[in-house]
Amino acid sequence: MAKMAASMVETGEDAFRKMFKRYRTKHPPPDFSDVLDFSTGKQSDKIIPVKLDKAAVSDVEVTRVGLQPVRNWRAFSLLEYPGFVFISNPFQPGCQAFWVRQCLKTYPQKPNVCNLDMHMSPSETQNIWEKSVPVLKTSPAVKRQAKTLVERLRWVTLGYHYNWDTKAYSADHHTPFPPELHLLSRHIAAACGFPKFSPEAGILNYYHSDSSLGIHVDESELDHSHPLLSLSFGQSAIFLLGGLCRQDPPTAMYMRSGDVMVMSGQSRLRYHAVPRILVAPRGQTPVEVEGCGPTAALQASSVVEPLSQEDWAVCCRLLEPRKGRTMMEHQVETKGRGAVLRQQRRELLPPRGLTPLKRRHVPDKDG
């Protein structure tokens, strides 16, 4: 791979785009032998173990949000990517199900903003879950043409919202940030050495089985000293992390349900992308595959609530590859008051990124 990447740079080709296309292609399927897999614990000359701050958050506090004690987390970085931390599924068995339910049922509800609001009236996008469930509860054998509202979700924004018309964040377009997600994000950031991290904005991306996320850099905030947190639930994916320019060949890694990535310092402004979603075996939901069913034992003070059988059945239906909503990704970040109040302007951006495009870019088939 190193030889191929060097050749791309020498000829002036875009090394990142070449790698993106390589993992995006279906015929023939790509060779995944070079993809890093943090879940296996195998040694690699690229992977560096990361020591987290075990005293930053108590066992009781992390358990409340469905996480294992910090001492049990498996955290890694990459040799040439200082500031990048990959935490391999730190969630307690059973607790991912709650966060999946939040992504599909709770966070798309008003007053939060979603892609459906761009072309539908407020009354039509009220109660997205409730309007979708009756159809999703029907037998899979029953053929239907139209997708439900929840199946049509592509993105949801939380906290400070991005205005696609003015291309700016605005202090006037703000809704309360979900307190349980705020707490989860703070605990993860604190364990990674950012005790003062306080998320103000979040974006959820919803991926189809044939979706991708284009090459981009997250640089819209004025203060880049704050880290970006990314949490993934659902199907696995290939994640590419590159350099500060697109001529730098990226490193490919598996991103599985429950995995967390933190980008800070020198890695805060690196190019990255998701070229491919990898679906679980037919008949299995990826959350179950990861050993995270909906029946975890919860403490009395936990913010993680048990799911009803009906909610979990609908979530599983939505996570099936043929249903389209196969993977969900949170990104939470602190915008910095300057970035919000000063009406920072930028190009038209993807939900998680910044690559200027000719159209609004969300996880799609084209990448």
# chains A, B, ... in the order shown; residues from 1 in each chain; ligands from 1

$ residues_around --residues "A:Cys192" --least-positions-apart "2" --cutoff "7 Å" --atoms "only C-alpha atoms" --output "PyMOL selection string"
chain A and resi 52-53+188-190+194

$ write_last_selection --atoms "N, CA and C atoms" --output "PDB file, in the first residue's frame"
ATOM      1  N   LEU A  52      -5.587   6.379  29.536  1.00  0.00           N
ATOM      2  CA  LEU A  52      -6.650   7.336  29.839  1.00  0.00           C
ATOM      3  C   LEU A  52      -6.562   7.763  31.302  1.00  0.00           C
ATOM      4  N   ASP A  53      -7.269   8.820  31.626  1.00  0.00           N
ATOM      5  CA  ASP A  53      -7.304   9.323  33.001  1.00  0.00           C
ATOM      6  C   ASP A  53      -8.375   8.548  33.762  1.00  0.00           C
ATOM      7  N   ILE A 188     -16.653  10.904  28.456  1.00  0.00           N
ATOM      8  CA  ILE A 188     -15.666  10.378  27.505  1.00  0.00           C
ATOM      9  C   ILE A 188     -14.525  11.375  27.332  1.00  0.00           C
ATOM     10  N   ALA A 189     -14.873  12.652  27.154  1.00  0.00           N
ATOM     11  CA  ALA A 189     -13.849  13.680  26.956  1.00  0.00           C
ATOM     12  C   ALA A 189     -12.952  13.811  28.184  1.00  0.00           C
ATOM     13  N   ALA A 190     -13.549  13.744  29.365  1.00  0.00           N
ATOM     14  CA  ALA A 190     -12.763  13.866  30.598  1.00  0.00           C
ATOM     15  C   ALA A 190     -11.746  12.733  30.715  1.00  0.00           C
ATOM     16  N   PHE A 194      -9.772  15.913  28.655  1.00  0.00           N
ATOM     17  CA  PHE A 194     -10.456  17.187  28.408  1.00  0.00           C
ATOM     18  C   PHE A 194     -11.561  17.384  29.443  1.00  0.00           C
TER      19      PHE A 194
END

$ closest_residue --among "A:Asp59, A:Glu130, A:Asp34, A:Asp45" --to "A:Asp311" --atoms "only C-alpha atoms"
A:Glu130

$ select_by_dssp --residues "stretch 27-166 of chain A" --states "strand (DSSP E or B)" --output "ChimeraX atom specification"
/A:36,47-49,67,75-78,81-87,91,113-114,155-163

$ write_last_selection --atoms "C-alpha atoms" --output "short mmCIF file (atom, residue, chain, number, x, y, z; two decimals), in the first residue's frame"
data_model
loop_
_atom_site.label_atom_id
_atom_site.label_comp_id
_atom_site.auth_asym_id
_atom_site.auth_seq_id
_atom_site.Cartn_x
_atom_site.Cartn_y
_atom_site.Cartn_z
CA LEU A 36 -6.82 -1.76 11.04
CA ILE A 47 -1.11 1.26 16.79
CA ILE A 48 -0.12 2.82 20.12
CA PRO A 49 -1.97 2.04 23.40
CA LEU A 67 -20.22 2.89 29.96
CA ALA A 75 -7.99 3.00 23.89
CA PHE A 76 -5.49 3.42 21.08
CA SER A 77 -3.82 6.03 18.93
CA LEU A 78 -1.84 5.85 15.70
CA TYR A 81 -1.66 10.82 14.22
CA PRO A 82 -1.07 12.60 17.56
CA GLY A 83 -4.33 13.73 19.12
CA PHE A 84 -6.37 10.90 17.64
CA VAL A 85 -7.87 8.45 20.15
CA PHE A 86 -9.90 5.37 19.23
CA ILE A 87 -11.87 3.69 22.05
CA PHE A 91 -20.25 0.45 26.54
CA VAL A 113 -33.96 19.86 13.26
CA CYS A 114 -33.71 17.13 10.61
CA TRP A 155 -29.32 13.91 9.48
CA VAL A 156 -30.47 15.53 12.73
CA THR A 157 -28.86 18.53 14.43
CA LEU A 158 -28.84 19.14 18.17
CA GLY A 159 -28.08 22.26 20.23
CA TYR A 160 -26.78 25.03 17.95
CA HIS A 161 -28.16 24.36 14.48
CA TYR A 162 -26.55 25.09 11.16
CA ASN A 163 -28.57 27.28 8.79
#

$ residues_around --residues "stretch 254-260 of chain A" --least-positions-apart "6" --cutoff "6 Å" --atoms "only C-alpha atoms" --output "list in words"
Asp37, Phe86, Ile87, Ser88, Asn89, Ser230, Leu231, Ser232, Phe233, Gly234, Ser236, Ala237 and Ile238 of chain A

$ write_last_selection --atoms "C-alpha atoms" --output "compact mmCIF listing (two decimals), in the first residue's frame"
# COMPACT_ATOMS: atom_id res chain seq x y z
CA ASP A 37 -9.12 -3.55 13.48
CA PHE A 86 -9.90 5.37 19.23
CA ILE A 87 -11.87 3.69 22.05
CA SER A 88 -13.07 0.22 21.15
CA ASN A 89 -16.69 -0.08 22.33
CA SER A 230 -17.72 10.66 17.25
CA LEU A 231 -19.87 7.76 18.46
CA SER A 232 -21.12 5.04 16.12
CA PHE A 233 -24.05 2.65 16.50
CA GLY A 234 -25.37 0.01 14.12
CA SER A 236 -19.78 -1.45 10.91
CA ALA A 237 -18.00 0.86 8.48
CA ILE A 238 -14.62 1.65 6.96

$ residues_around --residues "A:Lys54" --least-positions-apart "6" --cutoff "8 Å" --atoms "only C-alpha atoms" --output "ChimeraX atom specification"
/A:70-71,191

$ closest_residue --among "A:Ser267, A:Thr125, A:Gln68, A:Thr40" --to "A:Leu184" --atoms "only C-alpha atoms"
A:Gln68

$ residues_around --residues "A:Leu269" --least-positions-apart "4" --cutoff "10 Å" --atoms "only C-alpha atoms" --output "list in words"
His216, Val217, Asp218, Glu219, His224, Gly242, Gly243, Leu244, Cys245, Met263, Ser264 and Gly265 of chain A

$ write_last_selection --atoms "N, CA, C and O atoms" --output "PDB file, in the first residue's frame"
ATOM      1  N   HIS A 216     -13.596  15.175   3.919  1.00  0.00           N
ATOM      2  CA  HIS A 216     -13.781  16.525   4.456  1.00  0.00           C
ATOM      3  C   HIS A 216     -12.889  16.751   5.671  1.00  0.00           C
ATOM      4  O   HIS A 216     -12.257  15.842   6.193  1.00  0.00           O
ATOM      5  N   VAL A 217     -12.856  17.993   6.123  1.00  0.00           N
ATOM      6  CA  VAL A 217     -12.179  18.410   7.352  1.00  0.00           C
ATOM      7  C   VAL A 217     -13.194  19.171   8.178  1.00  0.00           C
ATOM      8  O   VAL A 217     -13.981  19.957   7.642  1.00  0.00           O
ATOM      9  N   ASP A 218     -13.181  18.975   9.493  1.00  0.00           N
ATOM     10  CA  ASP A 218     -14.078  19.721  10.389  1.00  0.00           C
ATOM     11  C   ASP A 218     -13.340  20.940  10.918  1.00  0.00           C
ATOM     12  O   ASP A 218     -12.599  20.855  11.895  1.00  0.00           O
ATOM     13  N   GLU A 219     -13.562  22.089  10.274  1.00  0.00           N
ATOM     14  CA  GLU A 219     -12.824  23.292  10.670  1.00  0.00           C
ATOM     15  C   GLU A 219     -13.740  24.513  10.818  1.00  0.00           C
ATOM     16  O   GLU A 219     -13.277  25.639  10.840  1.00  0.00           O
ATOM     17  N   HIS A 224     -10.325  25.690  17.637  1.00  0.00           N
ATOM     18  CA  HIS A 224     -10.031  24.297  17.328  1.00  0.00           C
ATOM     19  C   HIS A 224      -9.324  23.582  18.471  1.00  0.00           C
ATOM     20  O   HIS A 224      -8.858  22.451  18.309  1.00  0.00           O
ATOM     21  N   GLY A 242      -6.846  10.725   7.159  1.00  0.00           N
ATOM     22  CA  GLY A 242      -5.709  11.166   6.364  1.00  0.00           C
ATOM     23  C   GLY A 242      -4.886  12.227   7.047  1.00  0.00           C
ATOM     24  O   GLY A 242      -4.824  12.313   8.277  1.00  0.00           O
ATOM     25  N   GLY A 243      -4.265  13.067   6.231  1.00  0.00           N
ATOM     26  CA  GLY A 243      -3.400  14.110   6.752  1.00  0.00           C
ATOM     27  C   GLY A 243      -4.035  15.484   6.637  1.00  0.00           C
ATOM     28  O   GLY A 243      -5.256  15.623   6.529  1.00  0.00           O
ATOM     29  N   LEU A 244      -3.187  16.500   6.625  1.00  0.00           N
ATOM     30  CA  LEU A 244      -3.667  17.873   6.551  1.00  0.00           C
ATOM     31  C   LEU A 244      -3.922  18.321   5.118  1.00  0.00           C
ATOM     32  O   LEU A 244      -4.455  19.402   4.890  1.00  0.00           O
ATOM     33  N   CYS A 245      -3.537  17.486   4.161  1.00  0.00           N
ATOM     34  CA  CYS A 245      -3.879  17.757   2.764  1.00  0.00           C
ATOM     35  C   CYS A 245      -4.282  16.442   2.116  1.00  0.00           C
ATOM     36  O   CYS A 245      -3.947  15.363   2.612  1.00  0.00           O
ATOM     37  N   MET A 263     -10.968  13.348  18.155  1.00  0.00           N
ATOM     38  CA  MET A 263      -9.986  14.032  17.309  1.00  0.00           C
ATOM     39  C   MET A 263      -9.652  15.372  17.950  1.00  0.00           C
ATOM     40  O   MET A 263     -10.520  16.228  18.125  1.00  0.00           O
ATOM     41  N   SER A 264      -8.388  15.525  18.300  1.00  0.00           N
ATOM     42  CA  SER A 264      -7.944  16.752  18.963  1.00  0.00           C
ATOM     43  C   SER A 264      -6.529  17.078  18.523  1.00  0.00           C
ATOM     44  O   SER A 264      -5.891  16.299  17.805  1.00  0.00           O
ATOM     45  N   GLY A 265      -6.034  18.224  18.956  1.00  0.00           N
ATOM     46  CA  GLY A 265      -4.665  18.607  18.658  1.00  0.00           C
ATOM     47  C   GLY A 265      -4.368  18.596  17.170  1.00  0.00           C
ATOM     48  O   GLY A 265      -5.126  19.145  16.364  1.00  0.00           O
TER      49      GLY A 265
END

$ closest_residue --among "A:Leu79, A:Met120, A:Leu136, A:Val150" --to "A:Val50" --atoms "only C-alpha atoms"
A:Leu79

$ closest_residue --among "A:Leu183, A:Val262, A:Leu153, A:Leu104" --to "A:Cys316" --atoms "only C-alpha atoms"
A:Leu104

$ select_by_dssp --residues "stretch 172-284 of chain A" --states "helix (DSSP H, G or I)" --output "PDB file with N, CA, C and O atoms, in the first residue's frame"
ATOM      1  N   PRO A 179     -29.606  16.270  27.604  1.00  0.00           N
ATOM      2  CA  PRO A 179     -28.771  16.178  28.820  1.00  0.00           C
ATOM      3  C   PRO A 179     -28.044  14.850  28.957  1.00  0.00           C
ATOM      4  O   PRO A 179     -26.906  14.810  29.430  1.00  0.00           O
ATOM      5  N   GLU A 180     -28.678  13.744  28.538  1.00  0.00           N
ATOM      6  CA  GLU A 180     -28.011  12.451  28.684  1.00  0.00           C
ATOM      7  C   GLU A 180     -26.828  12.321  27.709  1.00  0.00           C
ATOM      8  O   GLU A 180     -25.788  11.749  28.042  1.00  0.00           O
ATOM      9  N   LEU A 181     -26.961  12.903  26.512  1.00  0.00           N
ATOM     10  CA  LEU A 181     -25.858  12.891  25.546  1.00  0.00           C
ATOM     11  C   LEU A 181     -24.750  13.840  25.991  1.00  0.00           C
ATOM     12  O   LEU A 181     -23.565  13.570  25.781  1.00  0.00           O
ATOM     13  N   HIS A 182     -25.150  14.940  26.606  1.00  0.00           N
ATOM     14  CA  HIS A 182     -24.192  15.888  27.167  1.00  0.00           C
ATOM     15  C   HIS A 182     -23.337  15.195  28.228  1.00  0.00           C
ATOM     16  O   HIS A 182     -22.104  15.311  28.234  1.00  0.00           O
ATOM     17  N   LEU A 183     -23.988  14.428  29.097  1.00  0.00           N
ATOM     18  CA  LEU A 183     -23.284  13.737  30.173  1.00  0.00           C
ATOM     19  C   LEU A 183     -22.361  12.656  29.622  1.00  0.00           C
ATOM     20  O   LEU A 183     -21.205  12.530  30.049  1.00  0.00           O
ATOM     21  N   LEU A 184     -22.857  11.881  28.669  1.00  0.00           N
ATOM     22  CA  LEU A 184     -22.038  10.845  28.039  1.00  0.00           C
ATOM     23  C   LEU A 184     -20.788  11.447  27.407  1.00  0.00           C
ATOM     24  O   LEU A 184     -19.667  10.947  27.588  1.00  0.00           O
ATOM     25  N   SER A 185     -20.964  12.531  26.676  1.00  0.00           N
ATOM     26  CA  SER A 185     -19.846  13.164  25.971  1.00  0.00           C
ATOM     27  C   SER A 185     -18.826  13.747  26.938  1.00  0.00           C
ATOM     28  O   SER A 185     -17.612  13.631  26.735  1.00  0.00           O
ATOM     29  N   ARG A 186     -19.310  14.364  27.996  1.00  0.00           N
ATOM     30  CA  ARG A 186     -18.407  14.945  28.996  1.00  0.00           C
ATOM     31  C   ARG A 186     -17.549  13.878  29.654  1.00  0.00           C
ATOM     32  O   ARG A 186     -16.343  14.076  29.860  1.00  0.00           O
ATOM     33  N   HIS A 187     -18.146  12.744  29.978  1.00  0.00           N
ATOM     34  CA  HIS A 187     -17.391  11.682  30.640  1.00  0.00           C
ATOM     35  C   HIS A 187     -16.315  11.109  29.721  1.00  0.00           C
ATOM     36  O   HIS A 187     -15.186  10.848  30.158  1.00  0.00           O
ATOM     37  N   ILE A 188     -16.653  10.904  28.456  1.00  0.00           N
ATOM     38  CA  ILE A 188     -15.666  10.378  27.505  1.00  0.00           C
ATOM     39  C   ILE A 188     -14.525  11.375  27.332  1.00  0.00           C
ATOM     40  O   ILE A 188     -13.340  11.006  27.355  1.00  0.00           O
ATOM     41  N   ALA A 189     -14.873  12.652  27.154  1.00  0.00           N
ATOM     42  CA  ALA A 189     -13.849  13.680  26.956  1.00  0.00           C
ATOM     43  C   ALA A 189     -12.952  13.811  28.184  1.00  0.00           C
ATOM     44  O   ALA A 189     -11.730  13.959  28.060  1.00  0.00           O
ATOM     45  N   ALA A 190     -13.549  13.744  29.365  1.00  0.00           N
ATOM     46  CA  ALA A 190     -12.763  13.866  30.598  1.00  0.00           C
ATOM     47  C   ALA A 190     -11.746  12.733  30.715  1.00  0.00           C
ATOM     48  O   ALA A 190     -10.590  12.955  31.082  1.00  0.00           O
ATOM     49  N   ALA A 191     -12.166  11.531  30.380  1.00  0.00           N
ATOM     50  CA  ALA A 191     -11.255  10.382  30.440  1.00  0.00           C
ATOM     51  C   ALA A 191     -10.115  10.522  29.435  1.00  0.00           C
ATOM     52  O   ALA A 191      -9.034   9.960  29.633  1.00  0.00           O
ATOM     53  N   GLY A 265      -6.034  18.224  18.956  1.00  0.00           N
ATOM     54  CA  GLY A 265      -4.665  18.607  18.658  1.00  0.00           C
ATOM     55  C   GLY A 265      -4.368  18.596  17.170  1.00  0.00           C
ATOM     56  O   GLY A 265      -5.126  19.145  16.364  1.00  0.00           O
ATOM     57  N   GLN A 266      -3.266  17.933  16.776  1.00  0.00           N
ATOM     58  CA  GLN A 266      -2.866  17.903  15.374  1.00  0.00           C
ATOM     59  C   GLN A 266      -3.832  17.104  14.507  1.00  0.00           C
ATOM     60  O   GLN A 266      -3.855  17.276  13.288  1.00  0.00           O
ATOM     61  N   SER A 267      -4.618  16.226  15.115  1.00  0.00           N
ATOM     62  CA  SER A 267      -5.567  15.429  14.341  1.00  0.00           C
ATOM     63  C   SER A 267      -6.913  16.122  14.167  1.00  0.00           C
ATOM     64  O   SER A 267      -7.782  15.619  13.449  1.00  0.00           O
TER      65      SER A 267
END

$ closest_residue --among "A:Ala280, A:Gln102, A:Arg317, A:Ala252" --to "A:Asp31" --atoms "only C-alpha atoms"
A:Ala252

$ residues_around --residues "A:Leu278" --least-positions-apart "3" --cutoff "12 Å" --atoms "only C-alpha atoms" --output "ChimeraX atom specification"
/A:23-24,26,29-30,32,207-212,234-239,254-257,274-275,281-282,286,320-321,326-327

$ decode --residues "stretch 249-270 of chain A" --atoms "N, CA, C and O atoms" --output "PDB file, in the first residue's frame"
ATOM      1  N   PRO A 249      -1.772  10.030   1.936  1.00  0.00           N
ATOM      2  CA  PRO A 249      -2.576   8.808   1.897  1.00  0.00           C
ATOM      3  C   PRO A 249      -3.178   8.510   3.266  1.00  0.00           C
ATOM      4  O   PRO A 249      -2.488   8.607   4.285  1.00  0.00           O
ATOM      5  N   PRO A 250      -4.456   8.143   3.326  1.00  0.00           N
ATOM      6  CA  PRO A 250      -5.119   7.896   4.606  1.00  0.00           C
ATOM      7  C   PRO A 250      -4.867   6.493   5.137  1.00  0.00           C
ATOM      8  O   PRO A 250      -4.429   5.598   4.411  1.00  0.00           O
ATOM      9  N   THR A 251      -5.158   6.322   6.403  1.00  0.00           N
ATOM     10  CA  THR A 251      -5.141   5.016   7.049  1.00  0.00           C
ATOM     11  C   THR A 251      -6.575   4.532   7.191  1.00  0.00           C
ATOM     12  O   THR A 251      -7.454   5.285   7.629  1.00  0.00           O
ATOM     13  N   ALA A 252      -6.821   3.279   6.825  1.00  0.00           N
ATOM     14  CA  ALA A 252      -8.164   2.703   6.903  1.00  0.00           C
ATOM     15  C   ALA A 252      -8.318   1.912   8.198  1.00  0.00           C
ATOM     16  O   ALA A 252      -7.389   1.212   8.622  1.00  0.00           O
ATOM     17  N   MET A 253      -9.480   2.024   8.814  1.00  0.00           N
ATOM     18  CA  MET A 253      -9.758   1.293  10.051  1.00  0.00           C
ATOM     19  C   MET A 253     -11.232   0.918  10.107  1.00  0.00           C
ATOM     20  O   MET A 253     -12.092   1.576   9.508  1.00  0.00           O
ATOM     21  N   TYR A 254     -11.529  -0.163  10.825  1.00  0.00           N
ATOM     22  CA  TYR A 254     -12.915  -0.552  11.035  1.00  0.00           C
ATOM     23  C   TYR A 254     -13.520   0.316  12.127  1.00  0.00           C
ATOM     24  O   TYR A 254     -12.879   0.599  13.152  1.00  0.00           O
ATOM     25  N   MET A 255     -14.749   0.728  11.917  1.00  0.00           N
ATOM     26  CA  MET A 255     -15.508   1.476  12.908  1.00  0.00           C
ATOM     27  C   MET A 255     -16.760   0.649  13.195  1.00  0.00           C
ATOM     28  O   MET A 255     -17.628   0.499  12.338  1.00  0.00           O
ATOM     29  N   ARG A 256     -16.829   0.082  14.405  1.00  0.00           N
ATOM     30  CA  ARG A 256     -17.899  -0.851  14.733  1.00  0.00           C
ATOM     31  C   ARG A 256     -18.879  -0.228  15.722  1.00  0.00           C
ATOM     32  O   ARG A 256     -18.615   0.820  16.301  1.00  0.00           O
ATOM     33  N   SER A 257     -20.008  -0.910  15.907  1.00  0.00           N
ATOM     34  CA  SER A 257     -21.042  -0.388  16.797  1.00  0.00           C
ATOM     35  C   SER A 257     -20.487  -0.212  18.209  1.00  0.00           C
ATOM     36  O   SER A 257     -19.891  -1.125  18.780  1.00  0.00           O
ATOM     37  N   GLY A 258     -20.673   0.984  18.757  1.00  0.00           N
ATOM     38  CA  GLY A 258     -20.187   1.307  20.089  1.00  0.00           C
ATOM     39  C   GLY A 258     -18.827   1.970  20.118  1.00  0.00           C
ATOM     40  O   GLY A 258     -18.414   2.494  21.157  1.00  0.00           O
ATOM     41  N   ASP A 259     -18.117   1.987  18.998  1.00  0.00           N
ATOM     42  CA  ASP A 259     -16.787   2.600  18.975  1.00  0.00           C
ATOM     43  C   ASP A 259     -16.874   4.117  19.109  1.00  0.00           C
ATOM     44  O   ASP A 259     -17.826   4.749  18.649  1.00  0.00           O
ATOM     45  N   VAL A 260     -15.840   4.675  19.711  1.00  0.00           N
ATOM     46  CA  VAL A 260     -15.761   6.125  19.943  1.00  0.00           C
ATOM     47  C   VAL A 260     -14.437   6.626  19.382  1.00  0.00           C
ATOM     48  O   VAL A 260     -13.392   5.995  19.559  1.00  0.00           O
ATOM     49  N   MET A 261     -14.491   7.761  18.697  1.00  0.00           N
ATOM     50  CA  MET A 261     -13.268   8.410  18.215  1.00  0.00           C
ATOM     51  C   MET A 261     -13.212   9.837  18.734  1.00  0.00           C
ATOM     52  O   MET A 261     -14.228  10.530  18.783  1.00  0.00           O
ATOM     53  N   VAL A 262     -12.017  10.240  19.144  1.00  0.00           N
ATOM     54  CA  VAL A 262     -11.782  11.606  19.615  1.00  0.00           C
ATOM     55  C   VAL A 262     -10.683  12.200  18.748  1.00  0.00           C
ATOM     56  O   VAL A 262      -9.605  11.617  18.606  1.00  0.00           O
ATOM     57  N   MET A 263     -10.968  13.348  18.155  1.00  0.00           N
ATOM     58  CA  MET A 263      -9.986  14.032  17.309  1.00  0.00           C
ATOM     59  C   MET A 263      -9.652  15.372  17.950  1.00  0.00           C
ATOM     60  O   MET A 263     -10.520  16.228  18.125  1.00  0.00           O
ATOM     61  N   SER A 264      -8.388  15.525  18.300  1.00  0.00           N
ATOM     62  CA  SER A 264      -7.944  16.752  18.963  1.00  0.00           C
ATOM     63  C   SER A 264      -6.529  17.078  18.523  1.00  0.00           C
ATOM     64  O   SER A 264      -5.891  16.299  17.805  1.00  0.00           O
ATOM     65  N   GLY A 265      -6.034  18.224  18.956  1.00  0.00           N
ATOM     66  CA  GLY A 265      -4.665  18.607  18.658  1.00  0.00           C
ATOM     67  C   GLY A 265      -4.368  18.596  17.170  1.00  0.00           C
ATOM     68  O   GLY A 265      -5.126  19.145  16.364  1.00  0.00           O
ATOM     69  N   GLN A 266      -3.266  17.933  16.776  1.00  0.00           N
ATOM     70  CA  GLN A 266      -2.866  17.903  15.374  1.00  0.00           C
ATOM     71  C   GLN A 266      -3.832  17.104  14.507  1.00  0.00           C
ATOM     72  O   GLN A 266      -3.855  17.276  13.288  1.00  0.00           O
ATOM     73  N   SER A 267      -4.618  16.226  15.115  1.00  0.00           N
ATOM     74  CA  SER A 267      -5.567  15.429  14.341  1.00  0.00           C
ATOM     75  C   SER A 267      -6.913  16.122  14.167  1.00  0.00           C
ATOM     76  O   SER A 267      -7.782  15.619  13.449  1.00  0.00           O
ATOM     77  N   ARG A 268      -7.080  17.249  14.814  1.00  0.00           N
ATOM     78  CA  ARG A 268      -8.373  17.961  14.769  1.00  0.00           C
ATOM     79  C   ARG A 268      -8.744  18.395  13.353  1.00  0.00           C
ATOM     80  O   ARG A 268      -9.926  18.438  13.006  1.00  0.00           O
ATOM     81  N   LEU A 269      -7.736  18.703  12.533  1.00  0.00           N
ATOM     82  CA  LEU A 269      -7.993  19.234  11.201  1.00  0.00           C
ATOM     83  C   LEU A 269      -7.544  18.286  10.092  1.00  0.00           C
ATOM     84  O   LEU A 269      -7.235  18.718   8.986  1.00  0.00           O
ATOM     85  N   ARG A 270      -7.527  16.999  10.384  1.00  0.00           N
ATOM     86  CA  ARG A 270      -7.147  16.025   9.366  1.00  0.00           C
ATOM     87  C   ARG A 270      -8.350  15.653   8.492  1.00  0.00           C
ATOM     88  O   ARG A 270      -9.489  15.630   8.962  1.00  0.00           O
TER      89      ARG A 270
END
